[in-house]
>>> print(open('query-v8.pdb').read())   # PDB, C-alpha atoms and all ligand atoms
ATOM      1  CA  MET A 298      68.124 134.149  96.929
ATOM      2  CA  GLY A 299      67.178 134.195  93.236
ATOM      3  CA  LYS A 300      70.108 135.010  90.971
ATOM      4  CA  LEU A 301      72.560 132.198  90.411
ATOM      5  CA  ALA A 302      75.953 133.494  91.586
ATOM      6  CA  ALA A 303      78.157 130.417  91.312
ATOM      7  CA  LEU A 304      78.419 126.794  90.291
ATOM      8  CA  LEU A 305      80.502 124.540  92.527
ATOM      9  CA  PHE A 306      81.703 121.424  90.748
ATOM     10  CA  ASP A 307      82.772 118.090  92.127
ATOM     11  CA  VAL A 308      85.558 116.545  90.007
ATOM     12  CA  ASP A 309      85.770 112.738  90.176
ATOM     13  CA  GLY A 310      82.766 111.234  88.451
ATOM     14  CA  THR A 311      81.236 114.645  87.687
ATOM     15  CA  LEU A 312      83.621 116.567  85.422
ATOM     16  CA  ALA A 313      84.977 113.273  84.104
ATOM     17  CA  ASP A 314      84.715 109.530  84.697
ATOM     18  CA  THR A 315      88.068 109.591  86.439
ATOM     19  CA  GLU A 316      87.457 106.641  88.724
ATOM     20  CA  ARG A 317      87.198 103.495  86.574
ATOM     21  CA  ASP A 318      89.766 104.375  83.891
ATOM     22  CA  GLY A 319      91.917 106.787  85.874
ATOM     23  CA  HIS A 320      92.311 106.378  89.626
ATOM     24  CA  ARG A 321      91.471 102.644  89.663
ATOM     25  CA  VAL A 322      94.013 101.802  86.961
ATOM     26  CA  ALA A 323      96.596 103.977  88.683
ATOM     27  CA  PHE A 324      96.032 102.298  92.076
ATOM     28  CA  ASN A 325      96.576  98.888  90.441
ATOM     29  CA  ARG A 326      99.801 100.062  88.767
ATOM     30  CA  ALA A 327     101.080 101.378  92.094
ATOM     31  CA  PHE A 328     100.271  98.056  93.797
ATOM     32  CA  ALA A 329     102.138  96.152  91.070
ATOM     33  CA  ASP A 330     105.149  98.500  91.360
ATOM     34  CA  ALA A 331     105.258  97.738  95.083
ATOM     35  CA  GLY A 332     105.243  93.978  94.388
ATOM     36  CA  LEU A 333     101.750  93.516  95.817
ATOM     37  CA  ASP A 334      99.255  91.134  94.241
ATOM     38  CA  TRP A 335      96.367  93.472  95.103
ATOM     39  CA  GLU A 336      94.042  94.047  92.152
ATOM     40  CA  TRP A 337      91.042  96.358  92.277
ATOM     41  CA  SER A 338      88.545  95.085  89.709
ATOM     42  CA  GLU A 339      85.879  97.434  88.360
ATOM     43  CA  GLY A 340      83.323  95.791  90.649
ATOM     44  CA  LEU A 341      85.427  95.862  93.807
ATOM     45  CA  TYR A 342      86.401  99.471  93.128
ATOM     46  CA  GLY A 343      82.696 100.386  93.041
ATOM     47  CA  GLU A 344      82.394  99.090  96.612
ATOM     48  CA  LEU A 345      85.587 100.791  97.749
ATOM     49  CA  LEU A 346      84.315 104.142  96.451
ATOM     50  CA  ALA A 347      82.075 104.303  99.518
ATOM     51  CA  VAL A 348      85.275 105.496 101.234
ATOM     52  CA  THR A 349      86.362 108.887  99.902
ATOM     53  CA  GLY A 350      90.040 109.782  99.658
ATOM     54  CA  GLY A 351      92.667 107.542  98.106
ATOM     55  CA  LYS A 352      94.774 107.082 101.252
ATOM     56  CA  GLU A 353      91.647 106.388 103.296
ATOM     57  CA  ARG A 354      90.481 103.904 100.618
ATOM     58  CA  ILE A 355      93.747 101.921 100.706
ATOM     59  CA  ARG A 356      93.676 101.782 104.520
ATOM     60  CA  HIS A 357      90.060 100.600 104.428
ATOM     61  CA  TYR A 358      90.947  97.894 101.859
ATOM     62  CA  VAL A 359      93.859  96.610 103.949
ATOM     63  CA  GLY A 360      91.655  96.451 107.052
ATOM     64  CA  ARG A 361      88.952  94.568 105.183
ATOM     65  CA  PHE A 362      90.941  92.145 103.015
ATOM     66  CA  HIS A 363      94.500  91.925 104.393
ATOM     67  CA  GLN A 364      94.179  92.167 108.131
ATOM     68  CA  GLY A 365      97.466  90.460 108.914
ATOM     69  CA  PHE A 366      99.409  92.625 106.434
ATOM     70  CA  SER A 367     102.700  93.871 107.776
ATOM     71  CA  PRO A 368     103.957  96.817 105.730
ATOM     72  CA  PRO A 369     107.599  97.078 104.657
ATOM     73  CA  GLY A 370     109.201  99.454 107.146
ATOM     74  CA  GLY A 371     106.597  98.642 109.773
ATOM     75  CA  CYS A 372     104.457 101.791 109.593
ATOM     76  CA  LEU A 373     101.177 101.346 107.702
ATOM     77  CA  ASP A 374     100.453 105.085 107.371
ATOM     78  CA  HIS A 375     103.870 105.691 105.875
ATOM     79  CA  PHE A 376     103.516 102.765 103.467
ATOM     80  CA  VAL A 377     100.042 103.888 102.397
ATOM     81  CA  ALA A 378     101.305 107.424 101.806
ATOM     82  CA  GLY A 379     104.023 106.037  99.512
ATOM     83  CA  LEU A 380     101.567 103.867  97.603
ATOM     84  CA  HIS A 381      99.197 106.812  97.208
ATOM     85  CA  ALA A 382     101.967 109.066  95.907
ATOM     86  CA  ALA A 383     102.893 106.375  93.357
ATOM     87  CA  LYS A 384      99.211 106.053  92.391
ATOM     88  CA  ASN A 385      99.029 109.790  91.756
ATOM     89  CA  ARG A 386     102.130 109.675  89.530
ATOM     90  CA  HIS A 387     100.442 106.979  87.432
ATOM     91  CA  TYR A 388      97.190 108.954  87.450
ATOM     92  CA  LEU A 389      98.898 112.109  86.171
ATOM     93  CA  ARG A 390     100.513 110.070  83.396
ATOM     94  CA  LEU A 391      97.111 108.691  82.373
ATOM     95  CA  LEU A 392      95.703 112.223  82.219
ATOM     96  CA  GLU A 393      98.666 113.335  80.130
ATOM     97  CA  GLU A 394      97.964 110.477  77.710
ATOM     98  CA  GLY A 395      94.351 111.674  77.365
ATOM     99  CA  ALA A 396      92.899 108.533  78.961
ATOM    100  CA  VAL A 397      90.181 110.512  80.770
ATOM    101  CA  PRO A 398      88.004 112.891  78.711
ATOM    102  CA  LEU A 399      85.448 115.301  80.206
ATOM    103  CA  ARG A 400      81.889 114.035  80.487
ATOM    104  CA  GLU A 401      79.422 115.070  77.853
ATOM    105  CA  GLY A 402      78.174 118.650  78.098
ATOM    106  CA  ILE A 403      80.596 119.748  80.823
ATOM    107  CA  GLU A 404      82.705 122.020  78.619
ATOM    108  CA  ARG A 405      79.598 123.622  77.118
ATOM    109  CA  LEU A 406      78.115 124.318  80.560
ATOM    110  CA  LEU A 407      81.381 125.752  81.913
ATOM    111  CA  ARG A 408      81.749 128.044  78.906
ATOM    112  CA  GLN A 409      78.141 129.235  79.136
ATOM    113  CA  ALA A 410      78.472 129.985  82.853
ATOM    114  CA  ARG A 411      81.674 131.933  82.248
ATOM    115  CA  ALA A 412      80.116 133.923  79.401
ATOM    116  CA  GLU A 413      77.239 134.891  81.714
ATOM    117  CA  GLY A 414      79.464 135.921  84.617
ATOM    118  CA  ILE A 415      78.456 133.001  86.827
ATOM    119  CA  ARG A 416      81.396 132.271  89.104
ATOM    120  CA  LEU A 417      82.975 128.809  89.102
ATOM    121  CA  ALA A 418      84.689 126.762  91.784
ATOM    122  CA  ILE A 419      85.742 123.214  92.557
ATOM    123  CA  ALA A 420      84.946 121.224  95.722
ATOM    124  CA  THR A 421      86.635 117.840  95.646
ATOM    125  CA  THR A 422      88.208 115.114  97.704
ATOM    126  CA  THR A 423      91.137 114.590  95.365
ATOM    127  CA  SER A 424      94.285 116.733  95.338
ATOM    128  CA  HIS A 425      94.801 120.185  93.819
ATOM    129  CA  GLU A 426      97.424 118.766  91.459
ATOM    130  CA  ASN A 427      95.052 116.079  90.165
ATOM    131  CA  VAL A 428      92.378 118.710  89.494
ATOM    132  CA  THR A 429      94.620 121.148  87.656
ATOM    133  CA  ALA A 430      96.109 118.350  85.538
ATOM    134  CA  LEU A 431      92.641 117.169  84.513
ATOM    135  CA  LEU A 432      91.622 120.730  83.591
ATOM    136  CA  ARG A 433      94.842 121.340  81.664
ATOM    137  CA  HIS A 434      94.691 118.120  79.673
ATOM    138  CA  THR A 435      91.004 118.430  78.789
ATOM    139  CA  LEU A 436      90.361 122.174  78.480
ATOM    140  CA  GLY A 437      93.814 123.644  77.915
ATOM    141  CA  PRO A 438      96.417 125.564  79.892
ATOM    142  CA  GLU A 439      94.131 128.502  80.802
ATOM    143  CA  ALA A 440      91.326 126.430  82.316
ATOM    144  CA  GLU A 441      92.617 126.464  85.885
ATOM    145  CA  SER A 442      92.035 130.228  85.904
ATOM    146  CA  TRP A 443      88.347 129.721  85.101
ATOM    147  CA  PHE A 444      87.846 128.542  88.685
ATOM    148  CA  GLU A 445      87.987 131.170  91.387
ATOM    149  CA  VAL A 446      88.592 128.627  94.150
ATOM    150  CA  ILE A 447      89.831 125.061  93.887
ATOM    151  CA  GLY A 448      88.904 123.452  97.201
ATOM    152  CA  ALA A 449      90.758 120.146  97.182
ATOM    153  CA  GLY A 450      91.774 117.182  99.304
ATOM    154  CA  ASP A 451      93.486 117.737 102.592
ATOM    155  CA  VAL A 452      92.776 121.495 102.939
ATOM    156  CA  VAL A 453      89.909 120.490 105.213
ATOM    157  CA  ALA A 454      90.038 118.103 108.159
ATOM    158  CA  ALA A 455      87.095 115.926 107.094
ATOM    159  CA  LYS A 456      86.499 114.771 103.514
ATOM    160  CA  LYS A 457      83.071 114.206 101.918
ATOM    161  CA  PRO A 458      80.467 113.194 103.028
ATOM    162  CA  ALA A 459      81.379 115.895 105.556
ATOM    163  CA  SER A 460      80.329 119.323 104.301
ATOM    164  CA  ASP A 461      83.690 120.944 105.159
ATOM    165  CA  ILE A 462      84.984 121.330 101.602
ATOM    166  CA  TYR A 463      81.827 123.103 100.431
ATOM    167  CA  GLU A 464      81.859 125.357 103.489
ATOM    168  CA  TYR A 465      85.514 126.156 102.793
ATOM    169  CA  VAL A 466      84.744 127.119  99.170
ATOM    170  CA  LEU A 467      81.700 129.227 100.087
ATOM    171  CA  ALA A 468      83.705 131.075 102.746
ATOM    172  CA  ARG A 469      86.562 131.771 100.331
ATOM    173  CA  MET A 470      84.083 133.123  97.770
ATOM    174  CA  ARG A 471      82.069 135.029 100.399
ATOM    175  CA  LEU A 472      78.869 133.524  99.046
ATOM    176  CA  SER A 473      75.712 132.204 100.664
ATOM    177  CA  PRO A 474      74.721 128.647  99.785
ATOM    178  CA  GLY A 475      71.287 129.875  98.626
ATOM    179  CA  ASP A 476      72.900 131.672  95.672
ATOM    180  CA  CYS A 477      74.905 128.677  94.445
ATOM    181  CA  ILE A 478      74.410 125.210  93.017
ATOM    182  CA  ALA A 479      76.624 122.155  93.520
ATOM    183  CA  ILE A 480      77.039 119.643  90.706
ATOM    184  CA  GLU A 481      77.798 116.175  92.056
ATOM    185  CA  ASP A 482      77.677 112.498  91.095
ATOM    186  CA  SER A 483      77.519 110.466  94.308
ATOM    187  CA  ALA A 484      75.760 109.880  97.627
ATOM    188  CA  ASN A 485      78.821 111.155  99.491
ATOM    189  CA  GLY A 486      78.791 114.245  97.275
ATOM    190  CA  VAL A 487      75.138 115.100  97.792
ATOM    191  CA  ARG A 488      75.486 114.643 101.543
ATOM    192  CA  ALA A 489      78.443 117.021 101.589
ATOM    193  CA  ALA A 490      76.733 119.649  99.452
ATOM    194  CA  ARG A 491      73.368 119.427 101.237
ATOM    195  CA  GLY A 492      75.185 119.588 104.558
ATOM    196  CA  ALA A 493      76.515 122.977 103.482
ATOM    197  CA  GLY A 494      72.978 124.067 102.529
ATOM    198  CA  LEU A 495      73.492 123.866  98.760
ATOM    199  CA  CYS A 496      70.928 123.070  96.097
ATOM    200  CA  THR A 497      72.440 120.013  94.409
ATOM    201  CA  VAL A 498      72.209 118.620  90.892
ATOM    202  CA  ILE A 499      73.347 115.032  90.353
ATOM    203  CA  THR A 500      74.668 113.527  87.145
ATOM    204  CA  VAL A 501      74.925 109.811  87.812
ATOM    205  CA  ASN A 502      77.536 107.459  86.377
ATOM    206  CA  ASP A 503      77.836 103.676  86.308
ATOM    207  CA  TYR A 504      79.307 103.599  89.809
ATOM    208  CA  THR A 505      76.712 105.883  91.418
ATOM    209  CA  ARG A 506      73.471 105.172  89.505
ATOM    210  CA  ASP A 507      71.962 103.285  92.502
ATOM    211  CA  ASP A 508      73.227 105.658  95.218
ATOM    212  CA  ASP A 509      70.870 107.365  97.641
ATOM    213  CA  PHE A 510      70.493 110.947  96.405
ATOM    214  CA  ASP A 511      68.108 112.102  99.089
ATOM    215  CA  GLY A 512      67.833 115.894  99.017
ATOM    216  CA  ALA A 513      69.025 116.404  95.428
ATOM    217  CA  ALA A 514      67.044 118.960  93.422
ATOM    218  CA  LEU A 515      67.613 117.169  90.134
ATOM    219  CA  ILE A 516      69.003 113.788  89.141
ATOM    220  CA  LEU A 517      70.154 113.381  85.539
ATOM    221  CA  ASP A 518      72.106 110.753  83.653
ATOM    222  CA  SER A 519      74.394 113.491  82.301
ATOM    223  CA  VAL A 520      74.584 117.234  81.702
ATOM    224  CA  GLY A 521      73.575 116.450  78.114
ATOM    225  CA  GLU A 522      74.112 118.247  74.838
ATOM    226  CA  PRO A 523      71.668 119.711  72.304
ATOM    227  CA  ALA A 524      72.326 116.714  70.039
ATOM    228  CA  ARG A 525      72.461 114.194  72.921
ATOM    229  CA  PRO A 526      69.673 114.920  75.413
ATOM    230  CA  PHE A 527      69.901 113.896  79.050
ATOM    231  CA  SER A 528      67.469 111.542  80.790
ATOM    232  CA  VAL A 529      65.786 112.999  83.833
ATOM    233  CA  LEU A 530      65.767 110.501  86.710
ATOM    234  CA  ALA A 531      64.131 112.892  89.198
ATOM    235  CA  GLY A 532      63.187 116.568  89.339
ATOM    236  CA  ASP A 533      61.648 119.213  87.081
ATOM    237  CA  VAL A 534      63.668 120.564  84.139
ATOM    238  CA  ARG A 535      60.745 122.529  82.671
ATOM    239  CA  GLY A 536      60.910 120.772  79.316
ATOM    240  CA  ALA A 537      64.671 121.179  78.786
ATOM    241  CA  THR A 538      66.656 118.386  77.144
ATOM    242  CA  TRP A 539      70.120 119.500  78.244
ATOM    243  CA  LEU A 540      71.403 121.284  81.329
ATOM    244  CA  ASP A 541      72.098 124.986  80.929
ATOM    245  CA  THR A 542      72.201 128.026  83.197
ATOM    246  CA  ARG A 543      68.509 128.733  82.569
ATOM    247  CA  VAL A 544      67.506 125.358  84.029
ATOM    248  CA  LEU A 545      69.941 125.810  86.921
ATOM    249  CA  GLU A 546      68.633 129.312  87.676
ATOM    250  CA  SER A 547      65.070 127.990  87.805
ATOM    251  CA  LEU A 548      66.109 125.592  90.581
ATOM    252  CA  ILE A 549      67.096 128.339  92.999
ATOM    253  CA  ALA A 550      64.556 130.924  91.842
ATOM    254  CA  GLY A 551      61.891 128.449  93.045
TER     255      GLY A 551
HETATM  256  C1  LIG B   1      86.604 111.387  94.926
HETATM  257  C2  LIG B   1      87.421 110.522  95.755
HETATM  258  C3  LIG B   1      88.868 110.483  95.549
HETATM  259  C4  LIG B   1      89.310 109.792  94.280
HETATM  260  C5  LIG B   1      90.797 109.539  94.297
HETATM  261  O1  LIG B   1      85.426 111.743  95.626
HETATM  262  O2  LIG B   1      86.916 109.882  96.652
HETATM  263  O3  LIG B   1      89.419 109.810  96.639
HETATM  264  O4  LIG B   1      88.670 108.545  94.179
HETATM  265  O5  LIG B   1      91.501 110.695  94.579
HETATM  266  P1  LIG B   1      84.609 113.049  95.214
HETATM  267  P2  LIG B   1      92.668 110.728  95.665
HETATM  268  O6  LIG B   1      84.291 112.923  93.746
HETATM  269  O7  LIG B   1      83.347 112.972  96.034
HETATM  270  O8  LIG B   1      85.437 114.250  95.555
HETATM  271  O9  LIG B   1      93.427 109.463  95.521
HETATM  272  O10 LIG B   1      93.483 111.947  95.292
HETATM  273  O11 LIG B   1      92.001 110.857  96.999
HETATM  274 MG    MG B   2      82.471 112.604  92.735
END
>>> encode(input="query-v8.pdb", output="C-alpha cells")
Amino acid sequence: MGKLAALLFDVDGTLADTERDGHRVAFNRAFADAGLDWEWSEGLYGELLAVTGGKERIRHYVGRFHQGFSPPGGCLDHFVAGLHAAKNRHYLRLLEEGAVPLREGIERLLRQARAEGIRLAIATTTSHENVTALLRHTLGPEAESWFEVIGAGDVVAAKKPASDIYEYVLARMRLSPGDCIAIEDSANGVRAARGAGLCTVITVNDYTRDDDFDGAALILDSVGEPARPFSVLAGDVRGATWLDTRVLESLIAG
C-alpha cells in the first residue's frame, strides 16, 4: 500500500450527469415509441435510481406502478428487453447531440492521472457501448484507449451494490484494492466499491446528495477546478480546493 496505481471510475453520475438529461429522457422516448403513457419525471426517476440497471429499473417500475400490465407478446422479460434496447438507441442519439457533457474537473483529473502513469479503468452498471459513446463524444475518438479495462453492465452476474464489477476490474488489472481508488457518486456505488475493499471518493449530484455514503474516504460536491473549487462535505483534503492525484495519493498513503 502507498503508491496510487489506478483510478477506477464509475460512469453514470460520476463522469457525467447522464441520468436526468440522458437515460431518463431516453427511457421516456422509448415508452412513447411503444405507445405507453409511462412518464418518468425527474422526481420519480430519483426514486427509481435505487434500482441499478435499466432493465431491472423498468421491471421494478412495472411491479410497483402497473401490476396488472400485460405486455404485448405476453413475455414481460422480452418486452422489457425491447424497451431497454430502444432506450439505449435514444440515449446514444442524445450523446451524439452533445446533450451530456462531462462533469467539472473530470477531464483535467483524467489527463493528470494519465500524464503521471496512473492506470485508469471503468466500473459501471451501464453497457460497454454507452460508456464508449460517452467517452467518444466528450473526450474524442482516442479516449476509450485511455482506460485499460472497461468493466460494464452484464459482464458480471450481480450489478452494484454488489461488488462484482469492481472485483472483475481489479482481477483483470491484477491489482490489489489497497493500491487503487474508486470514484463514485451514489450509495449503491460506494457499497460496491467498499465491498471490493476500495478506498472510495464520492462526488455527489442532485440525485445522490442525501444518499448514505458510509465508508467513503471523502465526499465532495464535485472534482472541482482551480477556478471553481469543490465543497468538502466530509473527509480531509489537506487544504486542497480541487481534486488532483496528490490529494488522492494522500488518501491511501494514510
Ligand atoms: C448506473 C445505472 C444504470 C443507468 C442506466 O449506475 O444504474 O442502470 O441508470 O444504464 P452506476 P442502463 O452509476 O452505479 O453504474 O440502462 O444501461 O442500465
Ligand atoms: Mg453512478
>>> closest_atom_pairs(input="query-v8.pdb", of="region 452-494 of chain A", to="region 348-361 of chain A", cutoff="9 Å", atoms="all atoms listed in the file", output="JSON lines")
{"residue": "A:Lys456", "atom": "CA", "partner": "A:Thr349", "partner_atom": "CA", "distance": 6.9}
{"residue": "A:Lys457", "atom": "CA", "partner": "A:Thr349", "partner_atom": "CA", "distance": 6.6}
{"residue": "A:Pro458", "atom": "CA", "partner": "A:Thr349", "partner_atom": "CA", "distance": 7.9}
{"residue": "A:Asn485", "atom": "CA", "partner": "A:Thr349", "partner_atom": "CA", "distance": 7.9}
>>> closest_residue(input="query-v8.pdb", among="A:Cys477, A:Leu530, A:Ala396, A:Ala329", to="Ala550 (chain A)", atoms="only C-alpha atoms")
A:Cys477
>>> closest_residue(input="query-v8.pdb", among="A:Ile549, A:Val446, A:Leu389, A:Ile499", to="ligand MG 2 (chain B)", atoms="only C-alpha atoms and all ligand atoms")
A:Ile499
>>> resolve_selection(input="query-v8.pdb", expression="the PyMOL selection byres (((chain A and resi 308-318) around 6) and not hetatm)", output="list in words")
Asp307, Gly319, His320, Arg321, Val322, Leu399, Arg400, Thr421, Glu481 and Asp482 of chain A
>>> resolve_selection(input="query-v8.pdb", expression="the PyMOL selection byres (((chain A and resi 443) around 9) and not hetatm)", output="PyMOL selection string")
chain A and resi 407+411+416-418+439-442+444-445
>>> residues_around(input="query-v8.pdb", residues="Thr538 (chain A)", least_positions_apart="6", cutoff="12 Å", atoms="only C-alpha atoms", output="list of chain:residue names")
A:Gly402, A:Leu517, A:Asp518, A:Ser519, A:Val520, A:Gly521, A:Glu522, A:Pro523, A:Ala524, A:Arg525, A:Pro526, A:Phe527, A:Ser528, A:Val529, A:Val544
>>> write_last_selection(input="query-v8.pdb", atoms="C-alpha atoms", output="PDB file, in the coordinates of the input")
ATOM      1  CA  GLY A 402      78.174 118.650  78.098  1.00  0.00           C
ATOM      2  CA  LEU A 517      70.154 113.381  85.539  1.00  0.00           C
ATOM      3  CA  ASP A 518      72.106 110.753  83.653  1.00  0.00           C
ATOM      4  CA  SER A 519      74.394 113.491  82.301  1.00  0.00           C
ATOM      5  CA  VAL A 520      74.584 117.234  81.702  1.00  0.00           C
ATOM      6  CA  GLY A 521      73.575 116.450  78.114  1.00  0.00           C
ATOM      7  CA  GLU A 522      74.112 118.247  74.838  1.00  0.00           C
ATOM      8  CA  PRO A 523      71.668 119.711  72.304  1.00  0.00           C
ATOM      9  CA  ALA A 524      72.326 116.714  70.039  1.00  0.00           C
ATOM     10  CA  ARG A 525      72.461 114.194  72.921  1.00  0.00           C
ATOM     11  CA  PRO A 526      69.673 114.920  75.413  1.00  0.00           C
ATOM     12  CA  PHE A 527      69.901 113.896  79.050  1.00  0.00           C
ATOM     13  CA  SER A 528      67.469 111.542  80.790  1.00  0.00           C
ATOM     14  CA  VAL A 529      65.786 112.999  83.833  1.00  0.00           C
ATOM     15  CA  VAL A 544      67.506 125.358  84.029  1.00  0.00           C
TER      16      VAL A 544
END
>>> atom_distance(input="query-v8.pdb", atom1="CA of Trp337 (chain A)", atom2="CA of Ala323 (chain A)")
10.1 Å
>>> residues_around(input="query-v8.pdb", residues="Val452 (chain A)", least_positions_apart="2", cutoff="12 Å", atoms="all atoms listed in the file", output="list in words")
Ala420, Thr421, Thr422, Thr423, Ser424, His425, Ile447, Gly448, Ala449, Gly450, Ala454, Ala455, Lys456, Asp461, Ile462, Tyr463, Glu464, Tyr465 and Val466 of chain A
>>> resolve_selection(input="query-v8.pdb", expression="the PyMOL selection byres (((chain A and resi 545) around 10) and not hetatm)", output="PDB file with C-alpha atoms, keeping the file's coordinate frame")
ATOM      1  CA  LEU A 301      72.560 132.198  90.411  1.00  0.00           C
ATOM      2  CA  LEU A 304      78.419 126.794  90.291  1.00  0.00           C
ATOM      3  CA  CYS A 477      74.905 128.677  94.445  1.00  0.00           C
ATOM      4  CA  ILE A 478      74.410 125.210  93.017  1.00  0.00           C
ATOM      5  CA  CYS A 496      70.928 123.070  96.097  1.00  0.00           C
ATOM      6  CA  THR A 497      72.440 120.013  94.409  1.00  0.00           C
ATOM      7  CA  VAL A 498      72.209 118.620  90.892  1.00  0.00           C
ATOM      8  CA  ALA A 514      67.044 118.960  93.422  1.00  0.00           C
ATOM      9  CA  LEU A 515      67.613 117.169  90.134  1.00  0.00           C
ATOM     10  CA  VAL A 534      63.668 120.564  84.139  1.00  0.00           C
ATOM     11  CA  LEU A 540      71.403 121.284  81.329  1.00  0.00           C
ATOM     12  CA  ASP A 541      72.098 124.986  80.929  1.00  0.00           C
ATOM     13  CA  THR A 542      72.201 128.026  83.197  1.00  0.00           C
ATOM     14  CA  ARG A 543      68.509 128.733  82.569  1.00  0.00           C
ATOM     15  CA  VAL A 544      67.506 125.358  84.029  1.00  0.00           C
ATOM     16  CA  GLU A 546      68.633 129.312  87.676  1.00  0.00           C
ATOM     17  CA  SER A 547      65.070 127.990  87.805  1.00  0.00           C
ATOM     18  CA  LEU A 548      66.109 125.592  90.581  1.00  0.00           C
ATOM     19  CA  ILE A 549      67.096 128.339  92.999  1.00  0.00           C
ATOM     20  CA  ALA A 550      64.556 130.924  91.842  1.00  0.00           C
TER      21      ALA A 550
END
>>> atom_distance(input="query-v8.pdb", atom1="CA of Gly365 (chain A)", atom2="atom O9 of ligand LIG 1 (chain B)")
23.6 Å
>>> residues_near_point(input="query-v8.pdb", point="(95.2, 115.6, 79.5)", cutoff="10 Å", atoms="all atoms listed in the file", output="MDAnalysis selection string")
chainID A and resid 389:399 429:437
>>> write_last_selection(input="query-v8.pdb", atoms="C-alpha atoms", output="CSV table (one decimal), in the coordinates of the input")
chain,number,residue,atom,x,y,z
A,389,LEU,CA,98.9,112.1,86.2
A,390,ARG,CA,100.5,110.1,83.4
A,391,LEU,CA,97.1,108.7,82.4
A,392,LEU,CA,95.7,112.2,82.2
A,393,GLU,CA,98.7,113.3,80.1
A,394,GLU,CA,98.0,110.5,77.7
A,395,GLY,CA,94.4,111.7,77.4
A,396,ALA,CA,92.9,108.5,79.0
A,397,VAL,CA,90.2,110.5,80.8
A,398,PRO,CA,88.0,112.9,78.7
A,399,LEU,CA,85.4,115.3,80.2
A,429,THR,CA,94.6,121.1,87.7
A,430,ALA,CA,96.1,118.4,85.5
A,431,LEU,CA,92.6,117.2,84.5
A,432,LEU,CA,91.6,120.7,83.6
A,433,ARG,CA,94.8,121.3,81.7
A,434,HIS,CA,94.7,118.1,79.7
A,435,THR,CA,91.0,118.4,78.8
A,436,LEU,CA,90.4,122.2,78.5
A,437,GLY,CA,93.8,123.6,77.9
>>> closest_residue(input="query-v8.pdb", among="A:Arg386, A:Arg326, A:His381, A:Arg488", to="ligand MG 2 (chain B)", atoms="all atoms listed in the file")
A:Arg488
>>> residues_around(input="query-v8.pdb", residues="Ile415 (chain A)", least_positions_apart="5", cutoff="6 Å", atoms="all atoms listed in the file", output="mmCIF file with C-alpha atoms, keeping the file's coordinate frame")
data_model
loop_
_atom_site.group_PDB
_atom_site.id
_atom_site.type_symbol
_atom_site.label_atom_id
_atom_site.label_comp_id
_atom_site.auth_asym_id
_atom_site.auth_seq_id
_atom_site.Cartn_x
_atom_site.Cartn_y
_atom_site.Cartn_z
ATOM 1 C CA ALA A 302 75.953 133.494 91.586
ATOM 2 C CA ALA A 303 78.157 130.417 91.312
ATOM 3 C CA ALA A 410 78.472 129.985 82.853
#
>>> closest_residue(input="query-v8.pdb", among="A:Gly532, A:Gly475, A:Phe366, A:Ala347", to="ligand MG 2 (chain B)", atoms="only C-alpha atoms and all ligand atoms")
A:Ala347
>>> atom_distance(input="query-v8.pdb", atom1="CA of Asp476 (chain A)", atom2="CA of Ala412 (chain A)")
17.9 Å
>>> closest_residue(input="query-v8.pdb", among="A:Ala327, A:Thr500, A:Gly486, A:Ile419", to="Met470 (chain A)", atoms="only C-alpha atoms")
A:Ile419
>>> closest_residue(input="query-v8.pdb", among="A:Phe376, A:Tyr342, A:Trp539, A:Tyr504", to="ligand MG 2 (chain B)", atoms="all atoms listed in the file")
A:Tyr504
>>> residues_around(input="query-v8.pdb", residues="Leu467 (chain A)", least_positions_apart="5", cutoff="9 Å", atoms="all atoms listed in the file", output="ChimeraX atom specification")
/A:305,462,472-474,477,493
>>> write_last_selection(input="query-v8.pdb", atoms="C-alpha atoms", output="mmCIF file, keeping the file's coordinate frame")
data_model
loop_
_atom_site.group_PDB
_atom_site.id
_atom_site.type_symbol
_atom_site.label_atom_id
_atom_site.label_comp_id
_atom_site.auth_asym_id
_atom_site.auth_seq_id
_atom_site.Cartn_x
_atom_site.Cartn_y
_atom_site.Cartn_z
ATOM 1 C CA LEU A 305 80.502 124.540 92.527
ATOM 2 C CA ILE A 462 84.984 121.330 101.602
ATOM 3 C CA LEU A 472 78.869 133.524 99.046
ATOM 4 C CA SER A 473 75.712 132.204 100.664
ATOM 5 C CA PRO A 474 74.721 128.647 99.785
ATOM 6 C CA CYS A 477 74.905 128.677 94.445
ATOM 7 C CA ALA A 493 76.515 122.977 103.482
#
>>> build_atoms(input="query-v8.pdb", residues="region 376-384 of chain A", atoms="N, CA and C atoms", output="tab-separated table (two decimals), in the coordinates of the input")
chain	number	residue	atom	x	y	z
A	376	PHE	N	103.58	103.61	104.66
A	376	PHE	CA	103.52	102.76	103.47
A	376	PHE	C	102.36	103.19	102.57
A	377	VAL	N	101.21	103.46	103.17
A	377	VAL	CA	100.04	103.89	102.40
A	377	VAL	C	100.33	105.22	101.71
A	378	ALA	N	100.98	106.12	102.40
A	378	ALA	CA	101.30	107.42	101.81
A	378	ALA	C	102.19	107.24	100.58
A	379	GLY	N	103.15	106.31	100.66
A	379	GLY	CA	104.02	106.04	99.51
A	379	GLY	C	103.26	105.44	98.34
A	380	LEU	N	102.38	104.48	98.66
A	380	LEU	CA	101.57	103.87	97.60
A	380	LEU	C	100.69	104.92	96.92
A	381	HIS	N	100.11	105.79	97.74
A	381	HIS	CA	99.20	106.81	97.21
A	381	HIS	C	99.96	107.81	96.33
A	382	ALA	N	101.16	108.15	96.74
A	382	ALA	CA	101.97	109.07	95.91
A	382	ALA	C	102.29	108.41	94.57
A	383	ALA	N	102.61	107.10	94.60
A	383	ALA	CA	102.89	106.38	93.36
A	383	ALA	C	101.64	106.31	92.49
A	384	LYS	N	100.49	106.07	93.12
A	384	LYS	CA	99.21	106.05	92.39
A	384	LYS	C	99.01	107.38	91.68
